[in-house]
$ cat entry.cif   # mmCIF, C-alpha atoms, pLDDT in the B column; chains and numbers go by the auth columns
data_entry
#
loop_
_atom_site.group_PDB
_atom_site.id
_atom_site.type_symbol
_atom_site.label_atom_id
_atom_site.label_comp_id
_atom_site.label_asym_id
_atom_site.label_seq_id
_atom_site.Cartn_x
_atom_site.Cartn_y
_atom_site.Cartn_z
_atom_site.B_iso_or_equiv
_atom_site.auth_seq_id
_atom_site.auth_asym_id
ATOM 1 C CA MET A 1 23.658 122.221 2.985 40.00 273 A
ATOM 2 C CA ALA A 2 25.027 125.518 1.661 41.00 274 A
ATOM 3 C CA THR A 3 23.028 127.342 -1.010 41.00 275 A
ATOM 4 C CA THR A 4 23.490 130.562 -2.895 42.00 276 A
ATOM 5 C CA SER A 5 21.626 133.577 -1.652 41.00 277 A
ATOM 6 C CA PRO A 6 18.193 134.029 -3.272 40.00 278 A
ATOM 7 C CA ASN A 7 18.421 137.798 -2.752 45.00 279 A
ATOM 8 C CA VAL A 8 21.089 138.521 -5.354 45.00 280 A
ATOM 9 C CA PRO A 9 19.507 140.614 -8.135 44.00 281 A
ATOM 10 C CA ALA A 10 20.167 139.499 -11.683 40.00 282 A
ATOM 11 C CA GLY A 11 23.468 140.963 -12.865 40.00 283 A
ATOM 12 C CA GLN A 12 24.245 142.244 -9.367 46.00 284 A
ATOM 13 C CA SER A 13 27.983 141.772 -9.785 43.00 285 A
ATOM 14 C CA GLU A 14 28.342 141.636 -13.578 59.00 286 A
ATOM 15 C CA THR A 15 29.767 145.151 -14.055 69.00 287 A
ATOM 16 C CA LEU A 16 32.667 147.050 -12.543 73.00 288 A
ATOM 17 C CA ALA A 17 30.308 149.798 -11.336 78.00 289 A
ATOM 18 C CA ALA A 18 28.106 147.273 -9.534 76.00 290 A
ATOM 19 C CA SER A 19 31.195 145.626 -8.079 78.00 291 A
ATOM 20 C CA LEU A 20 32.473 148.924 -6.725 81.00 292 A
ATOM 21 C CA ARG A 21 29.065 149.759 -5.260 85.00 293 A
ATOM 22 C CA GLY A 22 29.081 146.527 -3.326 87.00 294 A
ATOM 23 C CA LEU A 23 32.618 146.886 -2.031 91.00 295 A
ATOM 24 C CA PRO A 24 31.882 149.101 1.031 93.00 296 A
ATOM 25 C CA SER A 25 29.585 146.419 2.428 94.00 297 A
ATOM 26 C CA PHE A 26 32.665 144.230 2.998 95.00 298 A
ATOM 27 C CA LEU A 27 33.742 146.728 5.648 94.00 299 A
ATOM 28 C CA PHE A 28 30.631 146.825 7.829 93.00 300 A
ATOM 29 C CA ASP A 29 27.653 144.907 6.416 95.00 301 A
ATOM 30 C CA PRO A 30 28.153 141.113 6.282 95.00 302 A
ATOM 31 C CA ALA A 31 24.569 140.391 5.214 94.00 303 A
ATOM 32 C CA GLN A 32 24.784 142.707 2.210 93.00 304 A
ATOM 33 C CA ALA A 33 28.312 141.592 1.342 94.00 305 A
ATOM 34 C CA ALA A 34 27.158 137.965 1.308 94.00 306 A
ATOM 35 C CA LYS A 35 24.967 138.746 -1.711 91.00 307 A
ATOM 36 C CA TYR A 36 27.999 139.721 -3.772 93.00 308 A
ATOM 37 C CA VAL A 37 29.986 136.583 -2.950 94.00 309 A
ATOM 38 C CA HIS A 38 27.976 134.595 -5.510 91.00 310 A
ATOM 39 C CA GLY A 39 28.516 137.061 -8.370 88.00 311 A
ATOM 40 C CA LYS A 40 30.515 135.903 -11.366 86.00 312 A
ATOM 41 C CA TRP A 41 32.690 139.002 -11.812 88.00 313 A
ATOM 42 C CA PHE A 42 32.462 140.757 -8.456 92.00 314 A
ATOM 43 C CA TRP A 43 36.184 140.191 -7.790 92.00 315 A
ATOM 44 C CA VAL A 44 37.143 142.694 -10.522 91.00 316 A
ATOM 45 C CA GLY A 45 36.238 145.780 -8.462 91.00 317 A
ATOM 46 C CA PRO A 46 38.082 144.706 -5.287 93.00 318 A
ATOM 47 C CA LEU A 47 41.126 143.687 -7.306 94.00 319 A
ATOM 48 C CA VAL A 48 41.247 147.086 -9.034 92.00 320 A
ATOM 49 C CA VAL A 49 40.912 149.013 -5.759 93.00 321 A
ATOM 50 C CA PHE A 50 43.398 146.811 -3.899 94.00 322 A
ATOM 51 C CA SER A 51 45.926 147.122 -6.735 94.00 323 A
ATOM 52 C CA LEU A 52 45.627 150.916 -6.929 94.00 324 A
ATOM 53 C CA VAL A 53 46.124 151.250 -3.172 94.00 325 A
ATOM 54 C CA SER A 54 49.081 148.847 -3.301 92.00 326 A
ATOM 55 C CA ILE A 55 50.724 150.816 -6.120 93.00 327 A
ATOM 56 C CA ALA A 56 50.238 154.131 -4.315 93.00 328 A
ATOM 57 C CA ALA A 57 51.520 152.691 -1.027 91.00 329 A
ATOM 58 C CA GLY A 58 54.513 151.176 -2.818 89.00 330 A
ATOM 59 C CA PHE A 59 55.574 154.502 -4.302 89.00 331 A
ATOM 60 C CA LEU A 60 55.147 156.254 -0.949 87.00 332 A
ATOM 61 C CA MET A 61 57.245 153.577 0.740 85.00 333 A
ATOM 62 C CA MET A 62 60.083 153.640 -1.788 85.00 334 A
ATOM 63 C CA PRO A 63 62.008 156.635 -0.381 82.00 335 A
ATOM 64 C CA ILE A 64 61.546 155.340 3.176 80.00 336 A
ATOM 65 C CA VAL A 65 62.892 151.891 2.321 80.00 337 A
ATOM 66 C CA GLN A 66 65.791 153.376 0.357 80.00 338 A
ATOM 67 C CA HIS A 67 66.755 155.577 3.296 75.00 339 A
ATOM 68 C CA VAL A 68 66.688 152.574 5.663 76.00 340 A
ATOM 69 C CA LEU A 69 69.015 150.670 3.340 75.00 341 A
ATOM 70 C CA GLU A 70 71.378 153.621 3.013 75.00 342 A
ATOM 71 C CA VAL A 71 71.774 154.176 6.762 73.00 343 A
ATOM 72 C CA ALA A 72 71.910 150.474 7.673 74.00 344 A
ATOM 73 C CA PRO A 73 75.335 149.075 8.666 74.00 345 A
ATOM 74 C CA ILE A 74 77.152 147.440 5.776 75.00 346 A
ATOM 75 C CA PRO A 75 77.270 143.639 6.317 75.00 347 A
ATOM 76 C CA ASP A 76 80.639 142.094 7.076 74.00 348 A
ATOM 77 C CA GLY A 77 82.574 141.084 3.981 75.00 349 A
ATOM 78 C CA VAL A 78 80.659 143.438 1.677 77.00 350 A
ATOM 79 C CA THR A 79 82.395 146.453 0.135 79.00 351 A
ATOM 80 C CA PRO A 80 80.606 149.831 0.056 78.00 352 A
ATOM 81 C CA GLU A 81 80.521 149.708 -3.750 82.00 353 A
ATOM 82 C CA ARG A 82 78.929 146.272 -3.773 82.00 354 A
ATOM 83 C CA TYR A 83 76.441 147.360 -1.113 79.00 355 A
ATOM 84 C CA GLN A 84 75.420 150.393 -3.183 81.00 356 A
ATOM 85 C CA ARG A 85 74.931 148.183 -6.230 83.00 357 A
ATOM 86 C CA GLY A 86 72.736 145.958 -4.094 80.00 358 A
ATOM 87 C CA ILE A 87 70.636 148.968 -3.086 79.00 359 A
ATOM 88 C CA ALA A 88 70.258 149.966 -6.751 82.00 360 A
ATOM 89 C CA ILE A 89 69.183 146.461 -7.730 85.00 361 A
ATOM 90 C CA GLY A 90 66.805 146.298 -4.790 80.00 362 A
ATOM 91 C CA THR A 91 65.223 149.605 -5.857 83.00 363 A
ATOM 92 C CA MET A 92 64.685 148.274 -9.382 86.00 364 A
ATOM 93 C CA ILE A 93 63.067 145.125 -8.009 86.00 365 A
ATOM 94 C CA GLN A 94 60.844 147.207 -5.735 84.00 366 A
ATOM 95 C CA LYS A 95 59.686 149.327 -8.680 86.00 367 A
ATOM 96 C CA ALA A 96 58.919 146.221 -10.718 88.00 368 A
ATOM 97 C CA ALA A 97 56.994 144.722 -7.791 87.00 369 A
ATOM 98 C CA ILE A 98 54.912 147.900 -7.517 89.00 370 A
ATOM 99 C CA PHE A 99 53.805 147.716 -11.149 88.00 371 A
ATOM 100 C CA LEU A 100 53.113 143.996 -10.781 91.00 372 A
ATOM 101 C CA ALA A 101 50.791 144.674 -7.832 90.00 373 A
ATOM 102 C CA PRO A 102 47.662 143.468 -9.701 91.00 374 A
ATOM 103 C CA VAL A 103 49.346 140.149 -10.498 94.00 375 A
ATOM 104 C CA GLY A 104 50.594 139.800 -6.921 93.00 376 A
ATOM 105 C CA ALA A 105 47.164 140.609 -5.502 94.00 377 A
ATOM 106 C CA ALA A 106 45.451 138.092 -7.778 95.00 378 A
ATOM 107 C CA LEU A 107 48.007 135.450 -6.761 96.00 379 A
ATOM 108 C CA ILE A 108 47.545 136.132 -3.048 94.00 380 A
ATOM 109 C CA PHE A 109 43.756 136.052 -3.340 96.00 381 A
ATOM 110 C CA SER A 110 43.978 132.808 -5.335 96.00 382 A
ATOM 111 C CA ILE A 111 46.157 131.148 -2.695 96.00 383 A
ATOM 112 C CA GLN A 112 43.833 132.268 0.089 95.00 384 A
ATOM 113 C CA ALA A 113 40.781 131.052 -1.830 96.00 385 A
ATOM 114 C CA ALA A 114 42.462 127.699 -2.536 96.00 386 A
ATOM 115 C CA ILE A 115 43.273 127.200 1.155 95.00 387 A
ATOM 116 C CA LEU A 116 39.696 128.044 2.095 95.00 388 A
ATOM 117 C CA LEU A 117 38.361 125.747 -0.629 95.00 389 A
ATOM 118 C CA GLY A 118 40.286 122.840 0.856 94.00 390 A
ATOM 119 C CA ALA A 119 39.046 123.601 4.367 93.00 391 A
ATOM 120 C CA SER A 120 35.521 124.156 3.059 92.00 392 A
ATOM 121 C CA SER A 121 35.578 120.719 1.445 92.00 393 A
ATOM 122 C CA VAL A 122 36.749 119.108 4.679 91.00 394 A
ATOM 123 C CA PHE A 123 33.916 120.692 6.657 89.00 395 A
ATOM 124 C CA SER A 124 31.300 120.295 3.885 85.00 396 A
ATOM 125 C CA ALA A 125 30.591 124.025 3.681 83.00 397 A
ATOM 126 C CA GLY A 126 29.739 123.799 -0.021 84.00 398 A
ATOM 127 C CA ALA A 127 31.724 126.834 -1.215 90.00 399 A
ATOM 128 C CA LYS A 128 33.180 127.154 -4.712 93.00 400 A
ATOM 129 C CA PHE A 129 36.564 128.648 -5.619 95.00 401 A
ATOM 130 C CA ARG A 130 35.061 131.630 -7.467 94.00 402 A
ATOM 131 C CA GLU A 131 32.852 132.474 -4.498 95.00 403 A
ATOM 132 C CA LEU A 132 35.771 132.258 -2.084 96.00 404 A
ATOM 133 C CA PHE A 133 37.880 134.396 -4.435 96.00 405 A
ATOM 134 C CA ASN A 134 35.106 137.014 -4.382 96.00 406 A
ATOM 135 C CA LEU A 135 35.066 136.811 -0.588 96.00 407 A
ATOM 136 C CA VAL A 136 38.786 137.264 0.023 96.00 408 A
ATOM 137 C CA ALA A 137 39.028 139.932 -2.689 96.00 409 A
ATOM 138 C CA GLY A 138 36.168 141.898 -1.143 95.00 410 A
ATOM 139 C CA CYS A 139 37.671 141.671 2.339 96.00 411 A
ATOM 140 C CA GLY A 140 40.962 142.774 0.804 94.00 412 A
ATOM 141 C CA LEU A 141 39.544 146.290 1.133 94.00 413 A
ATOM 142 C CA ILE A 142 40.211 146.016 4.885 95.00 414 A
ATOM 143 C CA GLN A 143 43.840 145.161 4.152 93.00 415 A
ATOM 144 C CA ALA A 144 44.000 148.152 1.811 94.00 416 A
ATOM 145 C CA VAL A 145 42.768 150.376 4.645 93.00 417 A
ATOM 146 C CA ALA A 146 45.455 148.841 6.872 91.00 418 A
ATOM 147 C CA ALA A 147 48.127 149.724 4.288 90.00 419 A
ATOM 148 C CA ILE A 148 46.914 153.328 4.213 91.00 420 A
ATOM 149 C CA ALA A 149 46.986 153.499 8.015 89.00 421 A
ATOM 150 C CA ALA A 150 50.537 152.102 8.079 86.00 422 A
ATOM 151 C CA ILE A 151 51.714 154.749 5.593 87.00 423 A
ATOM 152 C CA VAL A 152 50.118 157.512 7.658 87.00 424 A
ATOM 153 C CA VAL A 153 51.850 156.241 10.815 83.00 425 A
ATOM 154 C CA LEU A 154 55.240 155.946 9.084 81.00 426 A
ATOM 155 C CA LYS A 155 54.983 159.418 7.571 80.00 427 A
ATOM 156 C CA SER A 156 54.153 160.870 10.987 81.00 428 A
ATOM 157 C CA LYS A 157 57.136 159.219 12.713 77.00 429 A
ATOM 158 C CA GLY A 158 59.807 161.193 10.907 71.00 430 A
ATOM 159 C CA GLU A 159 63.074 159.426 10.138 71.00 431 A
ATOM 160 C CA ILE A 160 62.929 155.620 9.872 73.00 432 A
ATOM 161 C CA SER A 161 66.291 153.918 10.366 67.00 433 A
ATOM 162 C CA SER A 162 65.633 150.158 10.652 66.00 434 A
ATOM 163 C CA THR A 163 63.675 147.472 8.834 66.00 435 A
ATOM 164 C CA ALA A 164 61.758 146.714 12.022 64.00 436 A
ATOM 165 C CA GLU A 165 60.366 150.272 11.975 68.00 437 A
ATOM 166 C CA LEU A 166 58.998 149.751 8.461 70.00 438 A
ATOM 167 C CA ARG A 167 56.159 147.783 10.040 72.00 439 A
ATOM 168 C CA PRO A 168 54.532 150.185 12.510 70.00 440 A
ATOM 169 C CA ALA A 169 52.964 148.838 15.672 66.00 441 A
ATOM 170 C CA LEU A 170 49.243 148.595 14.953 73.00 442 A
ATOM 171 C CA GLY A 171 48.493 145.575 17.134 70.00 443 A
ATOM 172 C CA LEU A 172 49.206 144.342 20.639 67.00 444 A
ATOM 173 C CA ASP A 173 52.908 144.991 19.994 63.00 445 A
ATOM 174 C CA ILE A 174 52.201 148.663 20.641 70.00 446 A
ATOM 175 C CA PHE A 175 52.463 147.862 24.359 63.00 447 A
ATOM 176 C CA LEU A 176 55.883 146.196 24.096 63.00 448 A
ATOM 177 C CA PRO A 177 59.039 148.009 25.198 62.00 449 A
ATOM 178 C CA GLU A 178 61.686 148.886 22.632 64.00 450 A
ATOM 179 C CA GLY A 179 64.213 146.135 21.886 63.00 451 A
ATOM 180 C CA VAL A 180 61.901 143.253 22.778 69.00 452 A
ATOM 181 C CA ASN A 181 62.317 139.872 21.046 69.00 453 A
ATOM 182 C CA LYS A 182 61.346 140.371 17.393 71.00 454 A
ATOM 183 C CA PHE A 183 59.456 137.079 17.181 75.00 455 A
ATOM 184 C CA LEU A 184 57.305 137.995 20.178 77.00 456 A
ATOM 185 C CA ALA A 185 56.711 141.400 18.599 74.00 457 A
ATOM 186 C CA ALA A 186 55.686 139.739 15.327 75.00 458 A
ATOM 187 C CA PHE A 187 53.299 137.376 17.135 78.00 459 A
ATOM 188 C CA LEU A 188 51.573 140.150 19.074 78.00 460 A
ATOM 189 C CA GLY A 189 51.734 142.516 16.100 78.00 461 A
ATOM 190 C CA TYR A 190 49.663 140.108 14.033 81.00 462 A
ATOM 191 C CA PHE A 191 46.666 140.801 16.254 82.00 463 A
ATOM 192 C CA SER A 192 46.034 144.315 15.015 86.00 464 A
ATOM 193 C CA VAL A 193 42.654 145.980 14.813 89.00 465 A
ATOM 194 C CA PHE A 194 42.740 145.544 11.032 92.00 466 A
ATOM 195 C CA GLU A 195 43.633 141.842 11.167 90.00 467 A
ATOM 196 C CA ILE A 196 40.873 141.149 13.693 92.00 468 A
ATOM 197 C CA TRP A 197 38.465 143.229 11.596 94.00 469 A
ATOM 198 C CA TRP A 198 39.447 141.195 8.501 95.00 470 A
ATOM 199 C CA ILE A 199 38.972 137.854 10.273 94.00 471 A
ATOM 200 C CA VAL A 200 35.615 138.818 11.786 95.00 472 A
ATOM 201 C CA MET A 201 34.214 140.070 8.471 96.00 473 A
ATOM 202 C CA LEU A 202 35.415 136.958 6.639 95.00 474 A
ATOM 203 C CA LEU A 203 33.690 134.741 9.197 95.00 475 A
ATOM 204 C CA LEU A 204 30.415 136.667 9.232 96.00 476 A
ATOM 205 C CA ILE A 205 30.194 137.014 5.453 96.00 477 A
ATOM 206 C CA PHE A 206 31.054 133.347 4.901 96.00 478 A
ATOM 207 C CA SER A 207 28.453 132.297 7.442 95.00 479 A
ATOM 208 C CA ALA A 208 25.775 134.459 5.797 94.00 480 A
ATOM 209 C CA ALA A 209 26.697 133.574 2.203 94.00 481 A
ATOM 210 C CA PHE A 210 26.776 129.797 2.671 94.00 482 A
ATOM 211 C CA ARG A 211 24.197 129.434 5.443 92.00 483 A
ATOM 212 C CA VAL A 212 26.573 127.761 7.877 92.00 484 A
ATOM 213 C CA SER A 213 27.110 128.317 11.580 92.00 485 A
ATOM 214 C CA LYS A 214 29.763 130.729 12.777 92.00 486 A
ATOM 215 C CA GLU A 215 31.506 127.807 14.454 92.00 487 A
ATOM 216 C CA LYS A 216 31.848 125.990 11.124 92.00 488 A
ATOM 217 C CA ALA A 217 32.983 129.232 9.464 93.00 489 A
ATOM 218 C CA LEU A 218 35.673 129.584 12.130 92.00 490 A
ATOM 219 C CA ALA A 219 36.831 126.022 11.489 92.00 491 A
ATOM 220 C CA VAL A 220 37.134 126.774 7.765 93.00 492 A
ATOM 221 C CA PHE A 221 39.158 129.948 8.297 93.00 493 A
ATOM 222 C CA LEU A 222 41.403 128.751 11.117 92.00 494 A
ATOM 223 C CA PRO A 223 44.035 127.174 8.786 92.00 495 A
ATOM 224 C CA LEU A 224 44.343 130.430 6.810 93.00 496 A
ATOM 225 C CA VAL A 225 44.693 132.493 9.992 91.00 497 A
ATOM 226 C CA LEU A 226 47.365 130.165 11.381 91.00 498 A
ATOM 227 C CA LEU A 227 49.309 130.226 8.102 91.00 499 A
ATOM 228 C CA ASN A 228 49.206 134.034 8.071 88.00 500 A
ATOM 229 C CA LEU A 229 50.438 134.096 11.650 86.00 501 A
ATOM 230 C CA CYS A 230 53.309 131.704 10.862 87.00 502 A
ATOM 231 C CA TRP A 231 54.240 133.803 7.835 84.00 503 A
ATOM 232 C CA ARG A 232 54.378 136.951 9.975 79.00 504 A
ATOM 233 C CA ILE A 233 56.580 135.289 12.586 81.00 505 A
ATOM 234 C CA GLY A 234 58.839 133.780 9.924 80.00 506 A
ATOM 235 C CA ALA A 235 59.265 137.156 8.213 72.00 507 A
ATOM 236 C CA ALA A 236 60.559 138.576 11.505 68.00 508 A
ATOM 237 C CA ALA A 237 63.758 136.547 11.026 66.00 509 A
ATOM 238 C CA PHE A 238 64.784 138.955 8.244 65.00 510 A
ATOM 239 C CA GLN A 239 64.340 142.090 10.348 62.00 511 A
ATOM 240 C CA ARG A 240 67.338 143.952 11.691 58.00 512 A
#

$ encode --input "entry.cif" --output "structure tokens"
Amino acid sequence: MATTSPNVPAGQSETLAASLRGLPSFLFDPAQAAKYVHGKWFWVGPLVVFSLVSIAAGFLMMPIVQHVLEVAPIPDGVTPERYQRGIAIGTMIQKAAIFLAPVGAALIFSIQAAILLGASSVFSAGAKFRELFNLVAGCGLIQAVAAIAAIVVLKSKGEISSTAELRPALGLDIFLPEGVNKFLAAFLGYFSVFEIWWIVMLLLIFSAAFRVSKEKALAVFLPLVLLNLCWRIGAAAFQR
């Protein structure tokens, strides 16, 4: 039966400073990270860091996305004036989404934690929603690092002229030839070093925090991984 870790010092995760101190362990130290999973307010630090990185990445991406829209062929039946208005509206929405990054991050973490809570209940792992929220928020640092890496790659490529190029090849899709089926590229692209890193750390931290086997941890996380993969493949349908 899962139990909380007896090694968590009193107040370990009750302040933002303590939360931030524990955040690096979610990159490389599953045993240490597991101690923070049971904290009441640990999620605050990861949410702040993830939101700041998301806001910065959003502003850096804005001119790239706008350029892609400006050079893209105008869809049939759409006048240039209407297309330009669409670009202006899209830019406003993008700006709003950037400033709403904390809300979006909290929503994403909540959905992930809810999915894991359901799977945890099925496999009797004994996890609580708050603990799972701490877990996915802490491992969100890996996704923040991935966003930084993607920006660096895009900035180094020079001119970007298609929506497909907005998602640089950081996974197995790096070996695919240009013009390959976009759904195949999305499938292979999901298995990036950052995504594998994220999955492995989630599994190891969960296993250590709730005293369950790695096999049971994998069973709990498999639905979330499959949903993420389906989302990535589905999103490819909107690429041009």

$ residues_around --input "entry.cif" --residues "stretch 461-468 of chain A" --least-positions-apart "3" --cutoff "10 Å" --atoms "only C-alpha atoms" --output "ChimeraX atom specification"
/A:414-419,421,439-448,454-458,471-474,497,500-505

$ resolve_selection --input "entry.cif" --expression "the PyMOL selection byres ((chain A and resi 493) around 12)" --output "PyMOL selection string"
chain A and resi 384-392+394-395+397+404+407-408+470-479+486-492+494-500

$ atom_distance --input "entry.cif" --atom1 "atom CA of A:Tyr308" --atom2 "atom CA of A:Gly294"
6.9 Å

$ residues_around --input "entry.cif" --residues "A:Phe322" --least-positions-apart "3" --cutoff "7 Å" --atoms "only C-alpha atoms" --output "tab-separated table (two decimals) with C-alpha atoms, keeping the file's coordinate frame"
chain	number	residue	atom	x	y	z
A	318	PRO	CA	38.08	144.71	-5.29
A	319	LEU	CA	41.13	143.69	-7.31
A	325	VAL	CA	46.12	151.25	-3.17
A	326	SER	CA	49.08	148.85	-3.30
A	412	GLY	CA	40.96	142.77	0.80
A	413	LEU	CA	39.54	146.29	1.13
A	416	ALA	CA	44.00	148.15	1.81

$ closest_residue --input "entry.cif" --among "A:Val424, A:Arg402, A:Ser382, A:Gly506" --to "A:Phe459" --atoms "only C-alpha atoms"
A:Gly506

$ atom_distance --input "entry.cif" --atom1 "atom CA of A:Gly330" --atom2 "atom CA of A:Ile423"
9.6 Å

$ atom_distance --input "entry.cif" --atom1 "atom CA of A:Val375" --atom2 "atom CA of A:Lys307"
26.0 Å

$ residues_around --input "entry.cif" --residues "stretch 358-366 of chain A" --least-positions-apart "6" --cutoff "8 Å" --atoms "only C-alpha atoms" --output "JSON, numbers by chain"
{"A": [334, 338, 341, 342]}

$ residues_around --input "entry.cif" --residues "A:Val320" --least-positions-apart "4" --cutoff "12 Å" --atoms "all atoms listed in the file" --output "count of residues only"
22
